[in-house]
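A.B. asks: Supplied structure: work15.cif, mmCIF, C-alpha atoms and all ligand atoms.
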```cif
data_work
#
loop_
_atom_site.label_atom_id
_atom_site.label_comp_id
_atom_site.auth_asym_id
_atom_site.auth_seq_id
_atom_site.Cartn_x
_atom_site.Cartn_y
_atom_site.Cartn_z
CA MET A 24 84.07 250.33 178.07
CA THR A 25 86.51 253.07 179.04
CA LEU A 26 90.21 252.72 179.77
CA TRP A 27 89.47 253.73 183.34
CA SER A 28 86.36 251.64 183.99
CA GLY A 29 88.05 249.82 186.89
CA ARG A 30 87.87 252.97 188.98
CA ALA A 31 84.25 254.03 188.92
CA GLU A 32 81.27 251.84 189.58
CA GLY A 33 78.21 251.69 187.35
CA GLU A 34 77.42 252.92 183.88
CA LEU A 35 78.10 256.46 182.76
CA ASP A 36 75.05 258.57 182.11
CA PRO A 37 74.58 259.09 178.35
CA ALA A 38 74.54 262.86 178.84
CA VAL A 39 77.95 262.68 180.49
CA TRP A 40 79.20 260.36 177.78
CA GLU A 41 78.11 262.79 175.09
CA LEU A 42 80.14 265.51 176.75
CA LEU A 43 83.20 263.34 177.38
CA ARG A 44 83.57 261.79 173.95
CA ALA A 45 86.27 263.36 171.85
CA ASP A 46 85.65 264.24 168.24
CA ASP A 47 89.18 263.27 167.30
CA LEU A 48 89.01 260.75 164.48
CA GLU A 49 91.43 262.84 162.43
CA LEU A 50 94.15 261.98 164.93
CA LEU A 51 93.88 258.26 164.21
CA PRO A 52 96.83 257.81 161.80
CA TYR A 53 99.03 260.13 163.87
CA ASP A 54 98.24 258.31 167.08
CA CYS A 55 99.06 255.01 165.37
CA THR A 56 102.49 256.41 164.44
CA ALA A 57 103.13 257.62 168.00
CA THR A 58 101.86 254.31 169.41
CA ALA A 59 104.24 252.34 167.18
CA GLU A 60 107.12 254.43 168.50
CA HIS A 61 106.05 253.77 172.04
CA ALA A 62 105.77 250.04 171.33
CA ALA A 63 109.35 249.99 170.03
CA ARG A 64 110.51 251.54 173.29
CA LEU A 65 108.54 248.98 175.31
CA HIS A 66 110.28 246.29 173.30
CA GLY A 67 113.63 247.98 173.98
CA ALA A 68 112.92 247.75 177.69
CA GLY A 69 112.02 244.05 177.40
CA LEU A 70 108.35 244.68 178.11
CA LEU A 71 107.11 243.59 174.68
CA SER A 72 108.52 240.57 172.81
CA ALA A 73 109.67 240.81 169.20
CA ASP A 74 106.56 238.90 168.14
CA GLU A 75 104.32 241.20 170.10
CA LEU A 76 106.01 244.24 168.63
CA ASN A 77 105.50 242.82 165.18
CA GLU A 78 101.86 242.21 165.84
CA VAL A 79 101.39 245.72 167.24
CA GLU A 80 103.06 247.26 164.20
CA GLU A 81 101.01 245.23 161.75
CA ARG A 82 97.75 245.97 163.48
CA LEU A 83 98.56 249.66 163.82
CA SER A 84 99.19 250.06 160.11
CA ALA A 85 95.77 248.53 159.45
CA ILE A 86 94.03 250.55 162.17
CA ALA A 87 95.50 253.80 160.86
CA HIS A 88 93.45 253.44 157.68
CA GLU A 89 90.27 252.21 159.26
CA PRO A 90 88.47 255.16 160.87
CA ALA A 91 85.20 253.25 160.60
CA ALA A 92 86.50 250.80 163.20
CA VAL A 93 86.37 253.55 165.83
CA LEU A 94 83.02 253.26 167.62
CA SER A 95 80.79 255.69 169.45
CA SER A 96 81.46 253.55 172.52
CA ASP A 97 85.18 254.54 172.38
CA GLU A 98 85.92 257.56 174.52
CA ASP A 99 88.52 258.81 172.05
CA VAL A 100 90.86 257.45 169.36
CA HIS A 101 93.40 256.50 172.01
CA SER A 102 90.88 254.19 173.66
CA ALA A 103 89.83 252.84 170.27
CA ILE A 104 93.40 251.97 169.30
CA GLU A 105 93.95 250.03 172.51
CA ARG A 106 90.73 248.09 171.92
CA LEU A 107 91.48 247.46 168.26
CA LEU A 108 94.95 246.11 169.03
CA GLY A 109 93.25 243.09 170.61
CA PRO A 110 94.93 241.09 173.40
CA VAL A 111 98.36 242.65 172.82
CA GLY A 112 96.71 246.04 173.32
CA LYS A 113 96.55 245.26 177.03
CA LYS A 114 100.32 245.79 177.21
CA ILE A 115 100.61 248.91 175.11
CA HIS A 116 99.70 251.52 177.69
CA ALA A 117 102.58 250.62 180.05
CA GLY A 118 104.68 253.73 180.68
CA ARG A 119 102.35 256.13 178.96
CA SER A 120 99.15 258.05 179.53
CA ARG A 121 96.67 259.50 177.14
CA ASN A 122 98.13 262.82 178.27
CA ASP A 123 101.48 262.31 176.54
CA GLN A 124 99.78 260.22 173.84
CA VAL A 125 97.38 262.93 172.73
CA ALA A 126 100.10 265.59 172.82
CA ALA A 127 102.33 263.35 170.66
CA ALA A 128 99.57 262.68 168.14
CA LEU A 129 98.53 266.32 167.90
CA ARG A 130 102.14 267.36 167.38
CA LEU A 131 102.48 264.94 164.46
CA TYR A 132 99.19 266.25 163.10
CA VAL A 133 100.36 269.85 163.29
CA VAL A 134 103.67 269.02 161.61
CA ASP A 135 101.73 267.50 158.72
CA ALA A 136 99.30 270.41 158.58
CA CYS A 137 102.20 272.88 158.42
CA GLU A 138 103.77 270.91 155.61
CA GLY A 139 100.48 270.95 153.69
CA ALA A 140 100.16 274.69 154.24
CA ARG A 141 103.69 275.28 152.96
CA GLU A 142 103.03 273.39 149.73
CA ALA A 143 99.72 275.15 149.14
CA ILE A 144 101.21 278.59 149.87
CA GLU A 145 103.97 277.93 147.36
CA ALA A 146 101.48 276.87 144.72
CA LEU A 147 99.50 280.09 145.22
CA ALA A 148 102.64 282.25 145.22
CA LEU A 149 103.79 280.74 141.91
CA VAL A 150 100.42 281.48 140.32
CA VAL A 151 100.55 285.07 141.61
CA LEU A 152 104.08 285.34 140.21
CA SER A 153 102.92 284.16 136.78
CA PHE A 154 100.22 286.83 136.82
CA ALA A 155 102.82 289.38 137.95
CA GLU A 156 105.09 288.34 135.10
CA THR A 157 102.33 288.71 132.52
CA GLU A 158 101.46 292.14 133.90
CA ALA A 159 104.97 293.20 134.90
CA ASP A 160 104.82 296.39 132.84
CA THR A 161 101.08 297.07 133.04
CA LEU A 162 100.63 300.50 134.59
CA MET A 163 98.03 301.19 137.24
CA PRO A 164 97.48 303.66 140.05
CA GLY A 165 99.01 302.81 143.41
CA TYR A 166 96.49 303.61 146.15
CA THR A 167 96.61 305.03 149.62
CA HIS A 168 93.34 305.52 151.52
CA LEU A 169 91.87 303.84 148.43
CA GLN A 170 92.53 307.16 146.62
CA ARG A 171 94.88 307.35 143.66
CA GLY A 172 98.44 308.01 144.77
CA GLN A 173 101.34 307.28 142.44
CA PRO A 174 101.64 305.16 139.31
CA LEU A 175 103.13 301.70 139.56
CA THR A 176 102.82 298.44 137.68
CA LEU A 177 100.39 295.63 138.39
CA GLY A 178 103.45 293.38 138.64
CA HIS A 179 104.82 295.57 141.43
CA HIS A 180 101.52 295.44 143.30
CA LEU A 181 101.18 291.67 142.92
CA LEU A 182 104.67 291.20 144.30
CA ALA A 183 103.32 292.61 147.57
CA TRP A 184 100.95 289.65 147.74
CA VAL A 185 103.95 287.37 147.28
CA GLU A 186 105.78 289.06 150.17
CA MET A 187 102.82 288.37 152.47
CA LEU A 188 102.73 284.74 151.39
CA GLU A 189 106.45 284.40 151.94
CA ARG A 190 106.11 285.58 155.53
CA ASP A 191 103.24 283.11 155.96
CA ARG A 192 105.44 280.30 154.74
CA GLY A 193 107.98 281.31 157.39
CA ARG A 194 105.34 281.32 160.14
CA PHE A 195 104.19 277.80 159.24
CA ALA A 196 107.82 276.67 159.25
CA ALA A 197 108.18 278.11 162.76
CA ALA A 198 104.99 276.38 163.93
CA ARG A 199 106.27 273.14 162.47
CA GLU A 200 109.52 273.58 164.37
CA ALA A 201 107.59 274.21 167.60
CA ALA A 202 105.57 271.03 167.09
CA SER A 203 108.60 268.89 166.24
CA ALA A 204 109.40 267.52 169.68
CA SER A 205 108.26 264.46 171.56
CA PRO A 206 106.23 264.48 174.77
CA LEU A 207 106.43 260.66 174.96
CA GLY A 208 107.82 259.40 178.21
CA ALA A 209 106.11 262.15 180.19
CA GLY A 210 103.27 259.75 180.95
CA ALA A 211 100.46 261.35 182.92
CA VAL A 212 102.62 264.08 184.43
CA ALA A 213 105.90 262.76 185.87
CA GLY A 214 107.04 259.85 183.72
CA SER A 215 107.10 256.18 184.66
CA THR A 216 109.28 253.80 186.64
CA LEU A 217 109.73 251.45 183.68
CA GLY A 218 113.04 252.86 182.46
CA LEU A 219 112.01 253.29 178.80
CA ASP A 220 114.54 254.93 176.48
CA ALA A 221 113.87 258.59 175.77
CA PRO A 222 112.29 259.21 172.37
CA GLU A 223 114.18 261.30 169.86
CA GLY A 224 113.65 265.01 170.50
CA GLN A 225 112.12 264.39 173.91
CA LEU A 226 110.84 267.50 175.66
CA ARG A 227 112.91 268.33 178.74
CA ASN A 228 110.13 268.70 181.27
CA SER A 229 107.33 266.13 181.66
CA VAL A 230 104.92 268.65 183.22
CA ASP A 231 105.41 270.99 180.28
CA ALA A 232 105.26 268.11 177.80
CA VAL A 233 101.66 267.22 178.70
CA SER A 234 100.37 270.75 179.29
CA ASP A 235 101.98 272.69 176.43
CA ARG A 236 99.76 273.60 173.51
CA ASP A 237 101.90 276.49 172.25
CA PHE A 238 102.65 274.56 169.07
CA ALA A 239 98.92 274.34 168.28
CA LEU A 240 98.55 278.06 168.98
CA ASP A 241 101.56 278.82 166.79
CA TYR A 242 99.85 276.89 164.02
CA LEU A 243 96.54 278.71 164.54
CA TYR A 244 98.41 282.01 164.60
CA ALA A 245 100.20 281.21 161.35
CA ALA A 246 96.82 280.35 159.85
CA ALA A 247 95.13 283.48 161.23
CA MET A 248 97.88 285.60 159.69
CA LEU A 249 97.62 283.72 156.41
CA PHE A 250 93.88 284.32 156.34
CA GLN A 251 94.35 287.95 157.25
CA HIS A 252 96.48 288.18 154.08
CA LEU A 253 94.12 286.09 151.96
CA SER A 254 91.27 288.33 153.06
CA ARG A 255 93.12 291.39 151.81
CA ILE A 256 93.98 289.67 148.54
CA GLY A 257 90.37 288.51 148.27
CA GLU A 258 89.11 292.02 148.93
CA GLU A 259 91.33 293.48 146.22
CA ILE A 260 90.03 290.98 143.71
CA VAL A 261 86.45 291.77 144.72
CA LEU A 262 87.13 295.48 144.32
CA TRP A 263 89.08 295.22 141.08
CA SER A 264 86.42 293.04 139.47
CA THR A 265 83.61 295.55 140.06
CA SER A 266 82.23 297.46 137.07
CA GLU A 267 83.40 300.58 138.90
CA PHE A 268 87.06 299.52 138.92
CA GLY A 269 87.07 296.96 136.12
CA PHE A 270 90.77 296.19 136.51
CA VAL A 271 90.41 292.40 136.29
CA ARG A 272 88.07 289.90 134.68
CA LEU A 273 86.96 286.94 136.76
CA PRO A 274 87.69 283.43 135.52
CA GLU A 275 84.43 281.94 134.26
CA ALA A 276 85.41 278.48 135.45
CA ALA A 277 85.92 279.70 139.01
CA ALA A 278 83.38 282.50 139.30
CA THR A 279 79.77 282.02 140.32
CA GLY A 280 76.43 283.15 139.01
CA SER A 281 73.22 284.41 140.53
CA SER A 282 70.10 282.27 140.90
CA MET A 283 67.98 285.26 139.88
CA MET A 284 70.02 287.86 138.01
CA PRO A 285 71.13 286.30 134.74
CA GLN A 286 73.91 288.78 134.03
CA LYS A 287 75.89 288.19 137.22
CA LEU A 288 79.37 286.77 137.56
CA ASN A 289 80.41 286.86 141.18
CA PRO A 290 83.73 286.53 143.02
CA ASP A 291 82.44 284.08 145.65
CA VAL A 292 85.85 282.44 145.95
CA ALA A 293 87.48 285.69 146.99
CA GLU A 294 84.61 286.48 149.34
CA LEU A 295 84.68 283.08 151.02
CA VAL A 296 88.40 283.37 151.58
CA ARG A 297 87.82 286.82 153.06
CA GLY A 298 85.00 285.44 155.22
CA LYS A 299 87.00 282.48 156.47
CA ALA A 300 89.53 284.89 157.93
CA GLY A 301 87.01 285.67 160.66
CA SER A 302 86.71 282.01 161.61
CA ALA A 303 90.49 281.53 161.54
CA ILE A 304 91.04 284.45 163.89
CA GLY A 305 88.24 283.15 166.13
CA ARG A 306 89.87 279.74 166.41
CA LEU A 307 93.15 281.29 167.54
CA THR A 308 91.49 283.47 170.16
CA GLY A 309 89.23 280.57 171.19
CA LEU A 310 92.11 278.25 172.00
CA LEU A 311 94.02 281.07 173.68
CA ALA A 312 91.03 281.56 175.94
CA THR A 313 90.87 277.81 176.62
CA VAL A 314 94.47 277.59 177.84
CA LYS A 315 94.44 280.89 179.70
CA GLY A 316 94.63 280.29 183.44
CA LEU A 317 94.73 276.48 183.11
CA PRO A 318 96.70 274.93 185.93
CA LEU A 319 99.55 272.65 184.88
CA ALA A 320 99.70 269.90 183.82
CA TYR A 321 96.95 268.17 181.82
CA ASP A 322 93.31 269.22 182.18
CA ARG A 323 90.43 267.87 180.15
CA ASP A 324 89.83 271.38 178.85
CA LEU A 325 92.67 270.57 176.47
CA GLN A 326 90.42 268.20 174.55
CA GLU A 327 89.00 271.40 173.06
CA ASP A 328 92.26 271.99 171.17
CA LYS A 329 91.34 269.61 168.40
CA ALA A 330 88.29 271.14 166.76
CA PRO A 331 89.99 274.47 165.95
CA VAL A 332 93.11 272.75 164.65
CA PHE A 333 91.16 270.32 162.45
CA ALA A 334 88.87 273.02 161.08
CA THR A 335 91.79 275.33 160.41
CA ARG A 336 93.64 272.67 158.46
CA ARG A 337 90.61 272.13 156.28
CA ASP A 338 90.06 275.84 155.70
CA VAL A 339 93.72 276.48 154.91
CA ARG A 340 93.61 273.70 152.34
CA VAL A 341 90.36 274.64 150.61
CA ALA A 342 91.05 278.38 150.69
CA LEU A 343 94.55 278.14 149.25
CA ARG A 344 93.60 275.60 146.61
CA GLY A 345 90.46 277.48 145.58
CA LEU A 346 92.24 280.82 145.46
CA THR A 347 95.10 279.31 143.44
CA VAL A 348 92.67 278.19 140.73
CA PHE A 349 90.84 281.50 140.92
CA VAL A 350 93.97 283.66 140.60
CA SER A 351 95.34 281.50 137.80
CA GLY A 352 92.22 282.37 135.78
CA LEU A 353 92.24 286.12 136.46
CA SER A 354 93.03 288.41 133.58
CA ALA A 355 93.86 292.08 133.62
CA ASP A 356 91.78 294.58 131.68
CA ARG A 357 94.74 296.53 130.40
CA GLU A 358 92.65 299.26 128.81
CA ARG A 359 90.87 300.09 132.04
CA LEU A 360 94.15 299.96 133.93
CA ALA A 361 95.84 302.19 131.36
CA SER A 362 93.09 304.78 131.49
CA ALA A 363 93.22 304.85 135.30
CA ALA A 364 97.02 305.11 135.18
CA ALA A 365 96.77 308.02 132.72
CA ASP A 366 95.28 310.26 135.42
CA PRO A 367 97.79 313.17 135.40
CA LEU A 368 97.28 313.82 139.11
CA LEU A 369 99.18 310.58 139.80
CA LEU A 370 102.27 312.58 138.79
CA ALA A 371 101.80 315.41 141.29
CA THR A 372 104.55 314.06 143.54
CA ASP A 373 106.89 313.74 140.55
CA VAL A 374 106.26 317.40 139.64
CA ALA A 375 106.98 318.47 143.22
CA GLU A 376 110.19 316.43 143.13
CA ASP A 377 111.16 318.11 139.85
CA LEU A 378 110.92 321.43 141.69
CA VAL A 379 113.05 320.01 144.50
CA ARG A 380 115.70 319.07 141.98
CA GLY A 381 115.59 322.70 140.84
CA GLY A 382 116.40 323.85 144.40
CA VAL A 383 112.88 324.50 145.78
CA PRO A 384 112.43 323.25 149.39
CA PHE A 385 110.05 320.29 149.35
CA ARG A 386 107.42 321.96 151.56
CA ASP A 387 107.24 324.92 149.17
CA ALA A 388 107.13 322.61 146.14
CA HIS A 389 104.31 320.65 147.79
CA ALA A 390 102.33 323.86 148.40
CA GLU A 391 102.89 325.09 144.84
CA VAL A 392 101.72 321.84 143.24
CA ALA A 393 98.81 321.53 145.68
CA GLY A 394 97.74 325.04 144.71
CA SER A 395 97.77 324.17 141.01
CA VAL A 396 95.65 321.06 141.71
CA ARG A 397 93.23 323.15 143.73
CA ASP A 398 92.75 325.85 141.08
CA GLY A 399 92.67 323.35 138.25
CA THR A 400 95.87 324.47 136.50
CA PHE A 401 97.95 321.40 137.30
CA SER A 402 99.61 319.97 134.21
CA THR A 403 102.63 317.87 133.36
CA THR A 404 104.33 316.57 130.25
CA GLY A 405 105.47 313.50 132.15
CA THR A 406 103.89 310.08 131.80
CA ALA A 407 103.12 307.29 134.23
CA ALA A 408 105.62 305.04 132.41
CA GLU A 409 108.42 307.58 132.83
CA SER A 410 107.49 308.05 136.45
CA VAL A 411 107.67 304.31 137.15
CA GLU A 412 110.92 304.08 135.22
CA SER A 413 112.54 306.91 137.14
CA ARG A 414 111.56 305.52 140.54
CA GLY A 415 113.05 302.09 139.82
CA ALA A 416 110.49 300.41 142.05
CA PRO A 417 110.07 297.82 143.43
CA GLY A 418 113.85 297.30 143.59
CA PRO A 419 117.12 298.16 141.92
CA GLY A 420 116.58 295.75 139.02
CA GLY A 421 112.95 296.79 138.53
CA VAL A 422 109.94 294.55 138.53
CA HIS A 423 111.36 291.84 136.27
CA ASP A 424 114.34 291.18 138.54
CA ALA A 425 112.11 291.20 141.59
CA ILE A 426 109.82 288.60 140.03
CA ALA A 427 112.74 286.38 139.02
CA ALA A 428 114.21 286.59 142.53
CA ALA A 429 110.85 285.70 144.11
CA ARG A 430 110.46 282.76 141.74
CA ARG A 431 113.84 281.46 142.86
CA ARG A 432 112.87 281.82 146.53
CA PHE A 433 109.74 279.81 145.83
CA GLY A 434 111.76 277.15 144.06
CA ALA A 435 110.09 277.57 140.68
CA ARG A 436 111.37 275.39 137.86
CA THR A 437 112.13 277.89 135.13
N1 LIG A 501 90.75 262.72 174.59
C1 LIG A 501 91.63 263.33 175.53
C2 LIG A 501 92.08 264.69 174.97
O1 LIG A 501 91.80 264.93 173.87
C3 LIG A 501 92.83 262.48 175.75
C4 LIG A 501 93.50 262.72 177.04
C5 LIG A 501 92.64 262.27 178.16
N2 LIG A 501 93.35 262.34 179.37
C6 LIG A 501 92.78 262.25 180.58
N3 LIG A 501 93.55 262.35 181.60
N4 LIG A 501 91.49 262.09 180.71
O2 LIG A 501 92.66 265.51 175.61
#
```
Could you write out this file's structure as structure tokens?
C.D. replies:
Amino acid sequence: MTLWSGRAEGELDPAVWELLRADDLELLPYDCTATAEHAARLHGAGLLSADELNEVEERLSAIAHEPAAVLSSDEDVHSAIERLLGPVGKKIHAGRSRNDQVAAALRLYVVDACEGAREAIEALALVVLSFAETEADTLMPGYTHLQRGQPLTLGHHLLAWVEMLERDRGRFAAAREAASASPLGAGAVAGSTLGLDAPEGQLRNSVDAVSDRDFALDYLYAAAMLFQHLSRIGEEIVLWSTSEFGFVRLPEAAATGSSMMPQKLNPDVAELVRGKAGSAIGRLTGLLATVKGLPLAYDRDLQEDKAPVFATRRDVRVALRGLTVFVSGLSADRERLASAAADPLLLATDVAEDLVRGGVPFRDAHAEVAGSVRDGTFSTTGTAAESVESRGAPGPGGVHDAIAAARRRFGART
């Protein structure tokens, strides 16, 4: 039985039903919250008695935790909730449509998903910061083009991961802000005649309220950017844990083995995170393509917004949690790092800058040092440690201050 069965005669063909049915069970608790709000406003307008409101509220709090009560004969969770409310459910849809209802529920869902992402990002950032603290003074080559460039510390490099995560936290906060408004009252497209009070944070325009999915796209964008970063972090761990680099050792409790090759310890966690970036980017572009060219206001195409949002929430959660455990078990191979950092060519720029200090124009100094590298006579008495020290990177107070400042920004209890 559909909510609209009074309009069309006869049974729906099962093939049509299969297409129509929404896979939206995850919205259930959020829709119950939005429905309770709507019920309160119906009561405010004298359209629901105090007893009826009570009954609605009680039933909704039970329904919210009973996904199994939603049946395959319900078109979507909105229809299921109305059915599960029993006789009083017949009154609940006054002054609303599933169009404002689904937008309200999805907004609450996205707010929650953003909050979860924030917490998980902070947990990962704190673990990266602990690693950075342990390796604050561990020298390594800094790379450009994946070729050795200048010496820096592992702490300095890891702080770059933290910067990426901090921007991600900001993007999820922005998506949360975009989702934090109420489409309730918009009804199907132009409101209702029932004179219900406006909900808190009501969107200004009812047409926009039921057609806007920018908040979902903002969320998917924040997630795509997060995964873009996690994929780069994952790739660095994969690279650093190879025998060729050997900069880090994988945590045995979080690394994986091979079914055939007994010696293997593999960075599957880092690879999966890297791989999931492709899916995250696809979900963003998929929903963008869905909304592109859609006439205002609601169209059933919008039912397709849920799958990417649900899947993204799951991936954000499992990727961040898995990577947090993985990174917390990583350890640096300081000997390998030290021997890589001892490559004298890492100091070529320092030598050129020494010449500059002596009055040689930089371009000439560059050519002179390049020539000595080319003919194999390059040498320096400087060390990587002195070089790092004299550059004061990554900030005026050096790596230790930068780590402490980042820890404060991430609210670490010290
Ligand atoms: N399940 C629908 C969705 O996800 C709810 C809205 C249906 N609205 C309608 N006018 N048919 O978008």
A.B. asks: Find the residues near ligand LIG 501 (chain A). Use a cut-off of 7 Å, count all atoms listed in the file, and write them as an MDAnalysis selection string.
C.D. replies: chainID A and resid 45 99 121:122 125 321:323 325:326
A.B. asks: As a ChimeraX atom specification, please: the residues near range 329-337 of chain A (cut-off 9 Å, all atoms listed in the file, same-chain neighbours under 6 positions excluded).
C.D. replies: /A:45-47,49-50,129,133,136-137,139-140,239-240,242-243,246-247,302-303,305-307,309-310
A.B. asks: Go ahead and save the picked residues with C-alpha atoms, as a PDB file, in the coordinates of the input.
C.D. replies:
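Resulting contents of selection.pdb:
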```pdb
ATOM      1  CA  ALA A  45      86.270 263.360 171.850  1.00  0.00           C
ATOM      2  CA  ASP A  46      85.650 264.240 168.240  1.00  0.00           C
ATOM      3  CA  ASP A  47      89.180 263.270 167.300  1.00  0.00           C
ATOM      4  CA  GLU A  49      91.430 262.840 162.430  1.00  0.00           C
ATOM      5  CA  LEU A  50      94.150 261.980 164.930  1.00  0.00           C
ATOM      6  CA  LEU A 129      98.530 266.320 167.900  1.00  0.00           C
ATOM      7  CA  VAL A 133     100.360 269.850 163.290  1.00  0.00           C
ATOM      8  CA  ALA A 136      99.300 270.410 158.580  1.00  0.00           C
ATOM      9  CA  CYS A 137     102.200 272.880 158.420  1.00  0.00           C
ATOM     10  CA  GLY A 139     100.480 270.950 153.690  1.00  0.00           C
ATOM     11  CA  ALA A 140     100.160 274.690 154.240  1.00  0.00           C
ATOM     12  CA  ALA A 239      98.920 274.340 168.280  1.00  0.00           C
ATOM     13  CA  LEU A 240      98.550 278.060 168.980  1.00  0.00           C
ATOM     14  CA  TYR A 242      99.850 276.890 164.020  1.00  0.00           C
ATOM     15  CA  LEU A 243      96.540 278.710 164.540  1.00  0.00           C
ATOM     16  CA  ALA A 246      96.820 280.350 159.850  1.00  0.00           C
ATOM     17  CA  ALA A 247      95.130 283.480 161.230  1.00  0.00           C
ATOM     18  CA  SER A 302      86.710 282.010 161.610  1.00  0.00           C
ATOM     19  CA  ALA A 303      90.490 281.530 161.540  1.00  0.00           C
ATOM     20  CA  GLY A 305      88.240 283.150 166.130  1.00  0.00           C
ATOM     21  CA  ARG A 306      89.870 279.740 166.410  1.00  0.00           C
ATOM     22  CA  LEU A 307      93.150 281.290 167.540  1.00  0.00           C
ATOM     23  CA  GLY A 309      89.230 280.570 171.190  1.00  0.00           C
ATOM     24  CA  LEU A 310      92.110 278.250 172.000  1.00  0.00           C
TER      25      LEU A 310
END
```
A.B. asks: Interatomic distance between CA of Gly415 in chain A and CA of Leu175 in chain A?
C.D. replies: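 Pair CA of Gly415 in chain A / CA of Leu175 in chain A returns 9.9 Å.
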A.B. asks: Return the single residue from A:Asp54, A:Asp356, A:Asp366, A:Glu34 that is closest to Trp263 in chain A, with distances computed using all atoms listed in the file.
C.D. replies: A:Asp356
A.B. asks: Can you pull out the residues contacting range 192-207 of chain A? Cut-off 6 Å, using only C-alpha atoms, and skip same-chain residues under 3 positions away; I want them as a PyMOL selection string.
C.D. replies: chain A and resi 123+127+130+134+137+141+189+224-226+232+238+241-242+245
